[in-house]
file entry32.csv (CSV, C-alpha atoms)
chain,number,residue,atom,x,y,z
K,1,MET,CA,-12.5,32.7,-112.8
K,2,SER,CA,-13.1,33.9,-109.3
K,3,ASP,CA,-15.0,36.9,-110.5
K,4,ALA,CA,-17.8,34.7,-111.9
K,5,SER,CA,-17.9,32.4,-108.9
K,6,PHE,CA,-20.8,32.7,-106.5
K,7,ASP,CA,-20.7,31.6,-102.9
K,8,ALA,CA,-24.3,31.2,-101.8
K,9,SER,CA,-23.4,31.1,-98.1
K,10,THR,CA,-22.7,34.8,-98.3
K,11,VAL,CA,-26.3,35.5,-99.4
K,12,THR,CA,-28.5,36.8,-96.6
K,13,ALA,CA,-31.8,35.5,-97.7
K,14,GLN,CA,-34.5,36.2,-95.2
K,15,PRO,CA,-36.2,32.9,-94.3
K,16,ARG,CA,-39.9,33.1,-94.6
K,17,ALA,CA,-42.2,30.7,-92.7
K,18,ASP,CA,-44.8,31.1,-95.4
K,19,GLU,CA,-42.6,30.9,-98.4
K,20,ALA,CA,-44.3,29.8,-101.6
K,21,SER,CA,-43.9,26.2,-102.6
K,22,PHE,CA,-44.5,24.8,-106.1
K,23,GLY,CA,-48.0,24.0,-105.1
K,24,ASP,CA,-48.7,27.7,-104.3
K,25,TYR,CA,-47.8,28.7,-107.8
K,26,PHE,CA,-49.9,25.8,-109.2
K,27,ALA,CA,-52.8,27.1,-107.0
K,28,LEU,CA,-52.6,30.4,-109.0
K,29,LEU,CA,-53.8,28.4,-112.0
K,30,LYS,CA,-57.1,27.6,-110.3
K,31,PRO,CA,-56.9,23.8,-110.6
K,32,ARG,CA,-60.6,23.2,-109.9
K,33,VAL,CA,-61.6,25.6,-112.7
K,34,MET,CA,-59.0,24.0,-114.9
K,35,SER,CA,-60.6,20.5,-114.3
K,36,LEU,CA,-63.8,21.9,-115.8
K,37,VAL,CA,-61.9,23.4,-118.7
K,38,VAL,CA,-60.1,20.1,-119.4
K,39,PHE,CA,-63.2,18.0,-119.3
K,40,THR,CA,-65.4,20.3,-121.5
K,41,ALA,CA,-62.5,20.9,-124.0
K,42,LEU,CA,-62.0,17.1,-124.2
K,43,VAL,CA,-65.6,16.6,-124.9
K,44,GLY,CA,-65.4,19.2,-127.7
K,45,LEU,CA,-62.4,17.5,-129.2
K,46,ILE,CA,-63.8,14.0,-129.1
K,47,ALA,CA,-67.3,15.0,-130.2
K,48,ALA,CA,-65.8,16.7,-133.3
K,49,PRO,CA,-66.2,14.6,-136.5
K,50,VAL,CA,-62.5,14.7,-137.4
K,51,PRO,CA,-60.2,12.1,-135.7
K,52,VAL,CA,-57.2,13.6,-134.0
K,53,HIS,CA,-53.9,11.8,-133.2
K,54,PRO,CA,-54.1,10.9,-129.5
K,55,PHE,CA,-50.8,12.7,-128.6
K,56,VAL,CA,-51.9,15.8,-130.5
K,57,GLY,CA,-55.2,15.6,-128.7
K,58,PHE,CA,-53.5,15.3,-125.4
K,59,CYS,CA,-51.3,18.3,-126.1
K,60,ALA,CA,-54.3,20.3,-127.3
K,61,ILE,CA,-56.1,19.7,-124.0
K,62,LEU,CA,-53.0,20.4,-122.0
K,63,PHE,CA,-52.4,23.7,-123.7
K,64,ILE,CA,-56.1,24.7,-123.4
K,65,ALA,CA,-55.8,23.9,-119.7
K,66,ILE,CA,-52.6,25.9,-119.3
K,67,GLY,CA,-54.3,28.8,-121.1
K,68,GLY,CA,-57.2,28.6,-118.7
K,69,GLY,CA,-54.8,28.4,-115.8
K,70,ALA,CA,-52.9,31.4,-117.1
K,71,SER,CA,-56.1,33.5,-117.2
K,72,GLY,CA,-56.8,32.3,-113.6
K,73,ALA,CA,-53.4,33.6,-112.5
K,74,LEU,CA,-54.1,37.0,-114.2
K,75,ASN,CA,-57.5,37.1,-112.5
K,76,MET,CA,-55.9,36.5,-109.1
K,77,TRP,CA,-53.3,39.3,-109.8
K,78,TRP,CA,-56.0,41.8,-110.7
K,79,ASP,CA,-58.5,40.8,-108.0
K,80,ALA,CA,-56.0,40.5,-105.1
K,81,ASP,CA,-57.6,43.4,-103.3
K,82,ILE,CA,-61.1,41.9,-103.2
K,83,ASP,CA,-59.7,38.4,-102.6
K,84,ARG,CA,-58.3,39.7,-99.3
K,85,VAL,CA,-61.8,40.7,-98.2
K,86,MET,CA,-63.9,37.6,-99.2
K,87,LYS,CA,-63.9,34.6,-96.9
K,88,ARG,CA,-64.0,32.2,-99.9
K,89,THR,CA,-60.8,33.6,-101.4
K,90,LYS,CA,-58.8,34.8,-98.4
K,91,GLY,CA,-56.6,31.7,-98.5
K,92,ARG,CA,-55.5,32.2,-102.1
K,93,PRO,CA,-51.7,32.5,-102.7
K,94,ILE,CA,-51.6,36.3,-103.0
K,95,PRO,CA,-53.9,37.3,-100.2
K,96,SER,CA,-52.2,34.8,-97.9
K,97,GLY,CA,-48.9,36.5,-98.6
K,98,LYS,CA,-47.2,33.4,-100.1
K,99,VAL,CA,-46.9,34.8,-103.7
K,100,GLU,CA,-46.3,38.4,-104.8
K,101,ALA,CA,-48.9,39.9,-107.1
K,102,GLY,CA,-46.1,40.6,-109.6
K,103,GLU,CA,-45.2,37.0,-109.7
K,104,ALA,CA,-48.8,36.0,-110.6
K,105,LEU,CA,-48.8,38.6,-113.4
K,106,ALA,CA,-45.5,37.3,-114.8
K,107,LEU,CA,-46.6,33.6,-114.5
K,108,GLY,CA,-50.0,34.5,-116.1
K,109,LEU,CA,-48.5,36.4,-119.0
K,110,ALA,CA,-45.8,33.8,-119.7
K,111,LEU,CA,-48.2,30.9,-119.6
K,112,SER,CA,-50.7,32.8,-121.8
K,113,GLY,CA,-48.1,33.3,-124.5
K,114,LEU,CA,-46.8,29.7,-124.2
K,115,SER,CA,-50.2,28.1,-124.4
K,116,VAL,CA,-51.4,30.1,-127.4
K,117,ILE,CA,-48.2,29.4,-129.4
K,118,MET,CA,-48.1,25.8,-128.5
K,119,LEU,CA,-51.7,25.1,-129.2
K,120,GLY,CA,-51.3,26.9,-132.6
K,121,LEU,CA,-48.2,24.7,-133.4
K,122,ALA,CA,-49.8,21.5,-132.1
K,123,THR,CA,-53.2,21.9,-133.9
K,124,ASN,CA,-54.0,25.0,-135.9
K,125,TRP,CA,-53.7,28.7,-135.6
K,126,PHE,CA,-57.5,29.2,-135.6
K,127,ALA,CA,-57.6,27.2,-132.3
K,128,GLY,CA,-54.6,29.2,-131.0
K,129,ALA,CA,-56.3,32.5,-131.8
K,130,PHE,CA,-59.5,31.3,-130.2
K,131,LEU,CA,-57.6,30.5,-127.0
K,132,ALA,CA,-55.9,33.9,-127.0
K,133,PHE,CA,-59.4,35.5,-127.4
K,134,THR,CA,-60.7,33.4,-124.5
K,135,ILE,CA,-57.9,34.6,-122.2
K,136,PHE,CA,-58.4,38.2,-123.3
K,137,PHE,CA,-62.2,37.8,-122.7
K,138,TYR,CA,-61.8,36.4,-119.2
K,139,VAL,CA,-59.0,38.7,-118.0
K,140,VAL,CA,-59.9,42.0,-119.7
K,141,VAL,CA,-63.6,41.9,-120.5
K,142,TYR,CA,-64.7,40.0,-117.4
K,143,THR,CA,-62.1,40.5,-114.6
K,144,MET,CA,-61.0,44.1,-115.4
K,145,TRP,CA,-64.2,45.5,-116.8
K,146,LEU,CA,-67.5,43.8,-116.1
K,147,LYS,CA,-67.0,42.1,-112.8
K,148,ARG,CA,-66.9,45.3,-110.8
K,149,SER,CA,-69.2,47.4,-113.0
K,150,THR,CA,-72.4,45.5,-113.8
K,151,PRO,CA,-74.7,43.0,-112.0
K,152,GLN,CA,-74.7,41.1,-115.3
K,153,ASN,CA,-71.0,40.3,-114.7
K,154,ILE,CA,-71.7,36.6,-114.3
K,155,VAL,CA,-73.9,36.4,-117.4
K,156,ILE,CA,-71.5,37.9,-119.9
K,157,GLY,CA,-68.3,36.7,-118.1
K,158,GLY,CA,-69.7,33.2,-118.2
K,159,ALA,CA,-68.9,33.2,-121.9
K,160,ALA,CA,-65.2,32.8,-121.0
K,161,GLY,CA,-65.8,29.6,-119.2
K,162,ALA,CA,-67.9,28.4,-122.0
K,163,PHE,CA,-65.3,28.7,-124.8
K,164,PRO,CA,-63.2,25.5,-124.0
K,165,PRO,CA,-65.4,23.0,-125.8
K,166,VAL,CA,-65.4,25.3,-128.9
K,167,ILE,CA,-61.6,25.5,-128.8
K,168,GLY,CA,-61.4,21.7,-128.5
K,169,TRP,CA,-63.7,21.3,-131.5
K,170,VAL,CA,-61.7,23.9,-133.6
K,171,ALA,CA,-58.5,22.2,-132.5
K,172,ALA,CA,-59.8,19.0,-134.1
K,173,THR,CA,-61.5,20.3,-137.2
K,174,GLY,CA,-60.0,23.7,-137.9
K,175,SER,CA,-63.5,25.0,-138.6
K,176,MET,CA,-66.7,26.0,-136.9
K,177,THR,CA,-70.2,24.6,-137.1
K,178,LEU,CA,-73.4,24.8,-135.0
K,179,GLU,CA,-72.6,21.9,-132.6
K,180,PRO,CA,-69.7,23.5,-130.7
K,181,TRP,CA,-71.8,26.5,-130.1
K,182,LEU,CA,-74.5,24.4,-128.6
K,183,MET,CA,-71.9,23.2,-126.1
K,184,PHE,CA,-70.9,26.8,-125.6
K,185,ALA,CA,-74.5,27.8,-125.0
K,186,LEU,CA,-75.0,25.0,-122.5
K,187,THR,CA,-72.2,26.2,-120.2
K,188,PHE,CA,-73.1,29.9,-120.9
K,189,MET,CA,-76.7,29.5,-119.8
K,190,TRP,CA,-75.7,27.2,-116.9
K,191,THR,CA,-73.2,29.8,-115.3
K,192,PRO,CA,-75.7,32.4,-114.0
K,193,PRO,CA,-78.0,30.1,-112.0
K,194,HIS,CA,-74.9,28.3,-110.7
K,195,PHE,CA,-73.2,31.5,-109.4
K,196,TRP,CA,-76.4,33.2,-108.3
K,197,ALA,CA,-77.2,30.2,-106.1
K,198,LEU,CA,-73.6,30.5,-104.6
K,199,ALA,CA,-74.2,34.3,-104.1
K,200,LEU,CA,-77.4,33.6,-102.2
K,201,PHE,CA,-75.7,31.5,-99.5
K,202,MET,CA,-72.2,33.2,-99.6
K,203,ARG,CA,-74.0,36.5,-99.2
K,204,SER,CA,-71.7,38.6,-97.1
K,205,ASP,CA,-68.7,37.9,-99.3
K,206,TYR,CA,-69.8,39.8,-102.3
K,207,ASP,CA,-71.3,42.6,-100.2
K,208,ASP,CA,-68.1,43.1,-98.3
K,209,ALA,CA,-66.0,43.1,-101.5
K,210,GLY,CA,-68.3,45.6,-103.2
K,211,VAL,CA,-68.7,43.3,-106.2
K,212,PRO,CA,-72.1,44.3,-107.8
K,213,MET,CA,-73.6,40.8,-107.8
K,214,LEU,CA,-77.3,40.7,-108.6
K,215,THR,CA,-78.0,39.9,-104.9
K,216,VAL,CA,-76.4,43.2,-104.0
K,217,THR,CA,-77.7,45.5,-106.7
K,218,HIS,CA,-81.2,44.2,-107.3
K,219,GLY,CA,-81.9,42.2,-104.1
K,220,ARG,CA,-82.3,38.6,-103.3
K,221,ARG,CA,-85.9,38.2,-104.4
K,222,THR,CA,-85.0,39.4,-107.9
K,223,THR,CA,-82.0,37.0,-107.9
K,224,ARG,CA,-84.3,34.1,-107.0
K,225,TRP,CA,-86.6,34.9,-110.0
K,226,HIS,CA,-83.6,35.3,-112.3
K,227,ILE,CA,-82.4,31.8,-111.3
K,228,LEU,CA,-85.8,30.4,-112.3
K,229,VAL,CA,-85.9,32.2,-115.7
K,230,TYR,CA,-82.4,31.3,-116.7
K,231,THR,CA,-83.0,27.7,-115.6
K,232,ALA,CA,-86.1,27.5,-117.8
K,233,LEU,CA,-84.2,28.8,-120.8
K,234,LEU,CA,-81.3,26.4,-120.0
K,235,ALA,CA,-83.7,23.5,-119.9
K,236,LEU,CA,-85.1,24.3,-123.3
K,237,LEU,CA,-81.6,24.6,-124.8
K,238,ALA,CA,-80.3,21.5,-123.0
K,239,VAL,CA,-83.1,19.2,-124.1
K,240,GLY,CA,-83.1,20.7,-127.6
K,241,THR,CA,-79.4,19.8,-128.0
K,242,ALA,CA,-80.4,16.2,-127.8
K,243,PHE,CA,-81.8,16.4,-131.3
K,244,SER,CA,-78.5,17.8,-132.8
K,245,ASP,CA,-75.6,15.9,-134.2
K,246,ILE,CA,-73.9,15.8,-130.8
K,247,GLY,CA,-77.1,14.5,-129.1
K,248,GLY,CA,-78.7,11.1,-129.0
K,249,PRO,CA,-81.0,8.9,-126.9
K,250,ILE,CA,-78.5,8.7,-123.9
K,251,TYR,CA,-78.1,12.4,-123.9
K,252,LEU,CA,-81.9,12.9,-124.1
K,253,VAL,CA,-82.6,10.7,-121.1
K,254,VAL,CA,-79.9,12.4,-119.1
K,255,ALA,CA,-81.1,15.9,-120.1
K,256,LEU,CA,-84.7,15.1,-119.3
K,257,VAL,CA,-84.0,13.8,-115.8
K,258,LEU,CA,-81.4,16.5,-114.9
K,259,ASN,CA,-83.5,19.4,-116.2
K,260,ALA,CA,-86.6,18.2,-114.4
K,261,LEU,CA,-84.6,18.2,-111.2
K,262,PHE,CA,-82.9,21.5,-111.9
K,263,LEU,CA,-86.2,23.2,-112.8
K,264,ARG,CA,-87.8,21.8,-109.6
K,265,GLY,CA,-84.9,23.2,-107.6
K,266,ALA,CA,-85.1,26.6,-109.3
K,267,TRP,CA,-88.9,26.7,-108.7
K,268,VAL,CA,-88.4,26.0,-105.0
K,269,ILE,CA,-85.7,28.7,-104.7
K,270,SER,CA,-88.0,31.2,-106.4
K,271,ARG,CA,-90.8,30.5,-103.9
K,272,ARG,CA,-88.7,30.7,-100.8
K,273,THR,CA,-88.4,33.8,-98.6
K,274,GLU,CA,-85.3,34.9,-96.8
K,275,ASP,CA,-86.7,33.8,-93.6
K,276,ASP,CA,-87.3,30.3,-95.0
K,277,ALA,CA,-83.7,30.2,-96.2
K,278,GLU,CA,-82.3,31.5,-92.8
K,279,MET,CA,-84.3,28.8,-91.0
K,280,ASP,CA,-82.6,25.9,-92.7
K,281,ASN,CA,-79.2,27.7,-93.4
K,282,PHE,CA,-79.8,27.9,-97.2
K,283,LYS,CA,-80.2,24.1,-97.5
K,284,VAL,CA,-82.2,24.3,-100.8
K,285,GLU,CA,-79.8,26.9,-102.3
K,286,ARG,CA,-76.8,24.7,-101.3
K,287,SER,CA,-78.2,21.6,-102.7
K,288,PHE,CA,-79.1,23.4,-106.0
K,289,PHE,CA,-75.5,24.6,-106.2
K,290,LYS,CA,-74.3,21.0,-105.7
K,291,LEU,CA,-76.8,19.7,-108.3
K,292,SER,CA,-75.5,22.4,-110.8
K,293,LEU,CA,-72.0,20.9,-110.6
K,294,LEU,CA,-73.4,17.4,-111.4
K,295,TYR,CA,-75.7,18.9,-114.0
K,296,LEU,CA,-72.9,20.2,-116.2
K,297,PHE,CA,-70.7,17.2,-115.7
K,298,LEU,CA,-73.4,14.7,-116.7
K,299,HIS,CA,-74.5,16.7,-119.7
K,300,PHE,CA,-71.0,16.8,-121.1
K,301,GLY,CA,-70.5,13.2,-120.0
K,302,ALA,CA,-73.6,12.2,-122.1
K,303,ILE,CA,-72.2,14.1,-125.2
K,304,LEU,CA,-68.9,12.2,-124.7
K,305,ALA,CA,-70.7,8.9,-124.4
K,306,GLU,CA,-72.6,9.5,-127.6
K,307,ALA,CA,-69.4,10.4,-129.4
K,308,LEU,CA,-67.5,7.4,-128.1
K,309,LEU,CA,-70.3,5.0,-129.0
K,310,LYS,CA,-70.7,6.4,-132.6
K,311,PRO,CA,-68.0,4.2,-134.1
K,312,TYR,CA,-69.9,1.1,-132.8
K,313,GLY,CA,-73.1,2.3,-134.4
K,314,LEU,CA,-74.7,3.0,-131.0
K,315,GLY,CA,-74.2,6.7,-130.4
K,316,GLY,CA,-76.4,9.5,-131.9
K,317,TRP,CA,-79.7,9.0,-133.7
K,318,SER,CA,-78.5,7.0,-136.7
L,1,MET,CA,-16.8,26.6,-108.7
L,2,SER,CA,-18.1,23.5,-107.1
L,3,LEU,CA,-21.8,22.5,-107.2
L,4,ARG,CA,-22.3,22.0,-103.6
L,5,LYS,CA,-25.1,22.8,-101.3
L,6,SER,CA,-23.8,25.8,-99.4
L,7,HIS,CA,-26.9,27.5,-98.2
L,8,GLU,CA,-30.1,26.6,-96.4
L,9,LEU,CA,-31.9,28.3,-99.3
L,10,HIS,CA,-31.4,25.1,-101.3
L,11,GLN,CA,-33.2,23.0,-98.8
L,12,ARG,CA,-36.0,25.5,-98.3
L,13,ARG,CA,-36.7,25.8,-102.0
L,14,PHE,CA,-36.1,22.1,-102.9
L,15,SER,CA,-39.7,21.4,-103.7
L,16,ARG,CA,-40.1,24.5,-105.9
L,17,ASN,CA,-36.9,23.7,-107.8
L,18,LEU,CA,-37.9,20.1,-108.2
L,19,GLY,CA,-41.3,21.1,-109.5
L,20,VAL,CA,-39.8,23.6,-112.1
L,21,GLY,CA,-37.2,20.9,-113.1
L,22,LEU,CA,-39.9,18.3,-113.7
L,23,THR,CA,-42.1,20.7,-115.5
L,24,LEU,CA,-39.3,21.7,-117.9
L,25,ALA,CA,-38.4,18.0,-118.5
L,26,ALA,CA,-42.1,17.3,-119.3
L,27,PHE,CA,-42.1,20.2,-121.7
L,28,ILE,CA,-39.1,18.8,-123.5
L,29,VAL,CA,-40.8,15.4,-123.8
L,30,ILE,CA,-44.0,17.1,-125.2
L,31,ILE,CA,-42.0,19.0,-127.8
L,32,PHE,CA,-40.1,15.9,-128.8
L,33,GLY,CA,-43.3,13.8,-129.0
L,34,LEU,CA,-45.1,16.5,-131.0
L,35,THR,CA,-42.2,16.6,-133.4
L,36,ILE,CA,-42.2,12.9,-134.0
L,37,VAL,CA,-46.0,12.9,-134.5
L,38,LYS,CA,-45.8,15.8,-137.0
L,39,VAL,CA,-42.9,14.4,-138.9
L,40,THR,CA,-44.4,11.0,-139.3
L,41,GLY,CA,-47.9,12.3,-140.0
L,42,THR,CA,-49.5,13.0,-143.4
L,43,ASP,CA,-49.3,16.8,-143.0
L,44,PHE,CA,-45.6,16.8,-143.2
L,45,ASN,CA,-45.5,14.6,-146.3
L,46,MET,CA,-48.0,16.8,-148.1
L,47,ALA,CA,-45.8,19.8,-147.4
L,48,ILE,CA,-42.8,18.1,-148.9
L,49,GLN,CA,-44.7,17.2,-152.0
L,50,GLU,CA,-46.0,20.7,-152.3
L,51,GLY,CA,-42.4,21.9,-152.0
L,52,GLN,CA,-41.3,19.5,-154.8
L,53,ASN,CA,-44.1,20.7,-157.1
call {"tool": "encode", "arguments": {"input": "entry32.csv", "output": "structure tokens"}}
result
Amino acid sequence: MSDASFDASTVTAQPRADEASFGDYFALLKPRVMSLVVFTALVGLIAAPVPVHPFVGFCAILFIAIGGGASGALNMWWDADIDRVMKRTKGRPIPSGKVEAGEALALGLALSGLSVIMLGLATNWFAGAFLAFTIFFYVVVYTMWLKRSTPQNIVIGGAAGAFPPVIGWVAATGSMTLEPWLMFALTFMWTPPHFWALALFMRSDYDDAGVPMLTVTHGRRTTRWHILVYTALLALLAVGTAFSDIGGPIYLVVALVLNALFLRGAWVISRRTEDDAEMDNFKVERSFFKLSLLYLFLHFGAILAEALLKPYGLGGWS
Amino acid sequence: MSLRKSHELHQRRFSRNLGVGLTLAAFIVIIFGLTIVKVTGTDFNMAIQEGQN
């Protein structure tokens, strides 16, 4: 069968010094964003009042994470042009020339389909449909539409990042109640101050790329006030959640401390001028951004602690 | 046709091929595990009973 034989030595593949490794394809899935998706989806799944088989739970989280990663790859495919301009994103696999844009599209589409089908089979089709909607929302509504057309891009687009705990909850229960939407609202309201603080100190990036961030369209003073207003609304929501079925005394203490710190940070940011910020190289804005990471992690950590302690009669208010 | 390394391409893409191979192997393990869990779980028994009724 010499016709079917293949002598690889005759292939003249062009060696590329920057050839993509497996890690470059993995980087398309935005692993750091995926870690947030994994954690919040896990909290949603465990906080749900219906027990899930551990292996099914593991698979549910895995496929939600893959779905999140797939939308990250599709985001990188669409945004390759602006990623080349921004300092923060220049090193991503497509702008650095390691991965072709078409490869990212193919990987994103394949993993989207796989994750939705597998989540549907592993848990229920309501959860699968919800994951499909989340991918659609992040890729089409946020990336393709809002990101380059409105300064409210972060506000509405933040919904995509807020869906994972709801998907986790639906994967466990197959139904919807108020509690997963409280977790959704927590992430949704947290996203704008988190990203606007980043936009304040990564200022030239969004300007250069022409992304209509609030800092570019409405000015930095307005952005500082927006951070304060959103943080105040977030604090009300975060503390109020303590008195729902997913809250409890541990969560209440965590929420009171963190929201006091977060409000204080937002207040200081709102009072600062650009000269103040230039003088200390945006020290306050940078520390507010770091605190925002801890803020979300500890809030969800407290919800998780309440849920894990419930079987021992310690979690929640009962 | 023998399965021998006949091109430097194999060395260059070893990490990528290994990664894909391990990912596929993990996927098989997941499918197998899910099947076992579903077959031994209550959902499957209920479906059989419904079918008999």
call {"tool": "interface_residues", "arguments": {"input": "entry32.csv", "of": "chain L", "to": "chain K", "cutoff": "9 Å", "atoms": "all atoms listed in the file", "output": "MDAnalysis selection string"}}
result
chainID L and resid 1 5:9 12:20 30 33:34 37:38
call {"tool": "atom_distance", "arguments": {"input": "entry32.csv", "atom1": "CA of Arg88 (chain K)", "atom2": "CA of Tyr206 (chain K)"}}
result
9.9 Å
call {"tool": "atom_distance", "arguments": {"input": "entry32.csv", "atom1": "CA of Met144 (chain K)", "atom2": "CA of Leu237 (chain K)"}}
result
29.9 Å
call {"tool": "residues_around", "arguments": {"input": "entry32.csv", "residues": "Lys290 (chain K)", "least_positions_apart": "4", "cutoff": "10 Å", "atoms": "all atoms listed in the file", "output": "list in words"}}
result
His194, Ala197, Leu198, Val284, Glu285, Arg286, Leu294 and Tyr295 of chain K
call {"tool": "residues_around", "arguments": {"input": "entry32.csv", "residues": "Val99 (chain K)", "least_positions_apart": "2", "cutoff": "9 Å", "atoms": "only C-alpha atoms", "output": "VMD selection string"}}
result
chain K and resid 19 to 20 24 to 25 28 93 to 97 101 to 104
call {"tool": "closest_residue", "arguments": {"input": "entry32.csv", "among": "K:Ala73, K:Thr223, K:Met183, K:Thr191", "to": "Gly240 (chain K)", "atoms": "only C-alpha atoms"}}
result
K:Met183
call {"tool": "atom_distance", "arguments": {"input": "entry32.csv", "atom1": "CA of Gly91 (chain K)", "atom2": "CA of Leu146 (chain K)"}}
result
24.0 Å
call {"tool": "decode", "arguments": {"input": "entry32.csv", "residues": "region 6-13 of chain L", "atoms": "all heavy atoms", "output": "PDB file, in the first residue's frame"}}
result
ATOM      1  N   SER L   6      10.626  10.360  11.778  1.00  0.00           N
ATOM      2  CA  SER L   6      11.411  10.608  10.574  1.00  0.00           C
ATOM      3  C   SER L   6      11.540  12.096  10.266  1.00  0.00           C
ATOM      4  O   SER L   6      12.019  12.471   9.224  1.00  0.00           O
ATOM      5  CB  SER L   6      10.772   9.895   9.383  1.00  0.00           C
ATOM      6  OG  SER L   6       9.409  10.252   9.308  1.00  0.00           O
ATOM      7  N   HIS L   7      11.117  12.919  11.163  1.00  0.00           N
ATOM      8  CA  HIS L   7      11.180  14.350  10.882  1.00  0.00           C
ATOM      9  C   HIS L   7      11.338  15.140  12.183  1.00  0.00           C
ATOM     10  O   HIS L   7      10.803  14.736  13.221  1.00  0.00           O
ATOM     11  CB  HIS L   7       9.903  14.778  10.166  1.00  0.00           C
ATOM     12  CG  HIS L   7      10.069  16.062   9.417  1.00  0.00           C
ATOM     13  ND1 HIS L   7       9.973  17.291  10.014  1.00  0.00           N
ATOM     14  CD2 HIS L   7      10.335  16.293   8.109  1.00  0.00           C
ATOM     15  CE1 HIS L   7      10.173  18.226   9.106  1.00  0.00           C
ATOM     16  NE2 HIS L   7      10.383  17.653   7.937  1.00  0.00           N
ATOM     17  N   GLU L   8      12.053  16.236  12.084  1.00  0.00           N
ATOM     18  CA  GLU L   8      12.258  17.048  13.297  1.00  0.00           C
ATOM     19  C   GLU L   8      10.949  17.668  13.797  1.00  0.00           C
ATOM     20  O   GLU L   8      10.840  18.111  14.928  1.00  0.00           O
ATOM     21  CB  GLU L   8      13.308  18.130  13.052  1.00  0.00           C
ATOM     22  CG  GLU L   8      13.033  19.076  11.900  1.00  0.00           C
ATOM     23  CD  GLU L   8      12.191  20.263  12.270  1.00  0.00           C
ATOM     24  OE1 GLU L   8      12.238  20.662  13.445  1.00  0.00           O
ATOM     25  OE2 GLU L   8      11.476  20.772  11.400  1.00  0.00           O
ATOM     26  N   LEU L   9       9.935  17.658  12.936  1.00  0.00           N
ATOM     27  CA  LEU L   9       8.612  18.165  13.315  1.00  0.00           C
ATOM     28  C   LEU L   9       8.080  17.453  14.550  1.00  0.00           C
ATOM     29  O   LEU L   9       7.435  18.055  15.408  1.00  0.00           O
ATOM     30  CB  LEU L   9       7.643  17.950  12.142  1.00  0.00           C
ATOM     31  CG  LEU L   9       6.279  18.619  12.225  1.00  0.00           C
ATOM     32  CD1 LEU L   9       6.406  20.105  11.977  1.00  0.00           C
ATOM     33  CD2 LEU L   9       5.333  17.998  11.200  1.00  0.00           C
ATOM     34  N   HIS L  10       8.403  16.136  14.633  1.00  0.00           N
ATOM     35  CA  HIS L  10       7.922  15.347  15.769  1.00  0.00           C
ATOM     36  C   HIS L  10       8.508  15.852  17.082  1.00  0.00           C
ATOM     37  O   HIS L  10       7.820  15.907  18.092  1.00  0.00           O
ATOM     38  CB  HIS L  10       8.276  13.871  15.576  1.00  0.00           C
ATOM     39  CG  HIS L  10       7.532  13.247  14.446  1.00  0.00           C
ATOM     40  ND1 HIS L  10       8.090  13.029  13.217  1.00  0.00           N
ATOM     41  CD2 HIS L  10       6.247  12.825  14.353  1.00  0.00           C
ATOM     42  CE1 HIS L  10       7.200  12.485  12.412  1.00  0.00           C
ATOM     43  NE2 HIS L  10       6.067  12.352  13.074  1.00  0.00           N
ATOM     44  N   GLN L  11       9.793  16.193  17.048  1.00  0.00           N
ATOM     45  CA  GLN L  11      10.430  16.708  18.269  1.00  0.00           C
ATOM     46  C   GLN L  11       9.865  18.085  18.616  1.00  0.00           C
ATOM     47  O   GLN L  11       9.565  18.394  19.744  1.00  0.00           O
ATOM     48  CB  GLN L  11      11.949  16.827  18.095  1.00  0.00           C
ATOM     49  CG  GLN L  11      12.703  15.536  18.340  1.00  0.00           C
ATOM     50  CD  GLN L  11      12.908  14.765  17.055  1.00  0.00           C
ATOM     51  OE1 GLN L  11      13.274  15.340  16.044  1.00  0.00           O
ATOM     52  NE2 GLN L  11      12.672  13.460  17.090  1.00  0.00           N
ATOM     53  N   ARG L  12       9.717  18.902  17.570  1.00  0.00           N
ATOM     54  CA  ARG L  12       9.295  20.283  17.774  1.00  0.00           C
ATOM     55  C   ARG L  12       7.876  20.348  18.365  1.00  0.00           C
ATOM     56  O   ARG L  12       7.559  21.216  19.150  1.00  0.00           O
ATOM     57  CB  ARG L  12       9.335  21.007  16.430  1.00  0.00           C
ATOM     58  CG  ARG L  12       9.402  22.484  16.503  1.00  0.00           C
ATOM     59  CD  ARG L  12      10.223  23.085  15.356  1.00  0.00           C
ATOM     60  NE  ARG L  12      10.074  22.452  14.076  1.00  0.00           N
ATOM     61  CZ  ARG L  12       9.139  22.797  13.172  1.00  0.00           C
ATOM     62  NH1 ARG L  12       8.251  23.715  13.456  1.00  0.00           N
ATOM     63  NH2 ARG L  12       9.094  22.214  12.002  1.00  0.00           N
ATOM     64  N   ARG L  13       7.044  19.441  17.937  1.00  0.00           N
ATOM     65  CA  ARG L  13       5.649  19.496  18.377  1.00  0.00           C
ATOM     66  C   ARG L  13       5.334  18.459  19.455  1.00  0.00           C
ATOM     67  O   ARG L  13       4.175  18.149  19.685  1.00  0.00           O
ATOM     68  CB  ARG L  13       4.726  19.298  17.179  1.00  0.00           C
ATOM     69  CG  ARG L  13       4.843  20.460  16.210  1.00  0.00           C
ATOM     70  CD  ARG L  13       3.719  20.499  15.229  1.00  0.00           C
ATOM     71  NE  ARG L  13       3.790  21.713  14.445  1.00  0.00           N
ATOM     72  CZ  ARG L  13       3.139  21.902  13.310  1.00  0.00           C
ATOM     73  NH1 ARG L  13       2.375  20.953  12.839  1.00  0.00           N
ATOM     74  NH2 ARG L  13       3.247  23.040  12.658  1.00  0.00           N
TER      75      ARG L  13
END
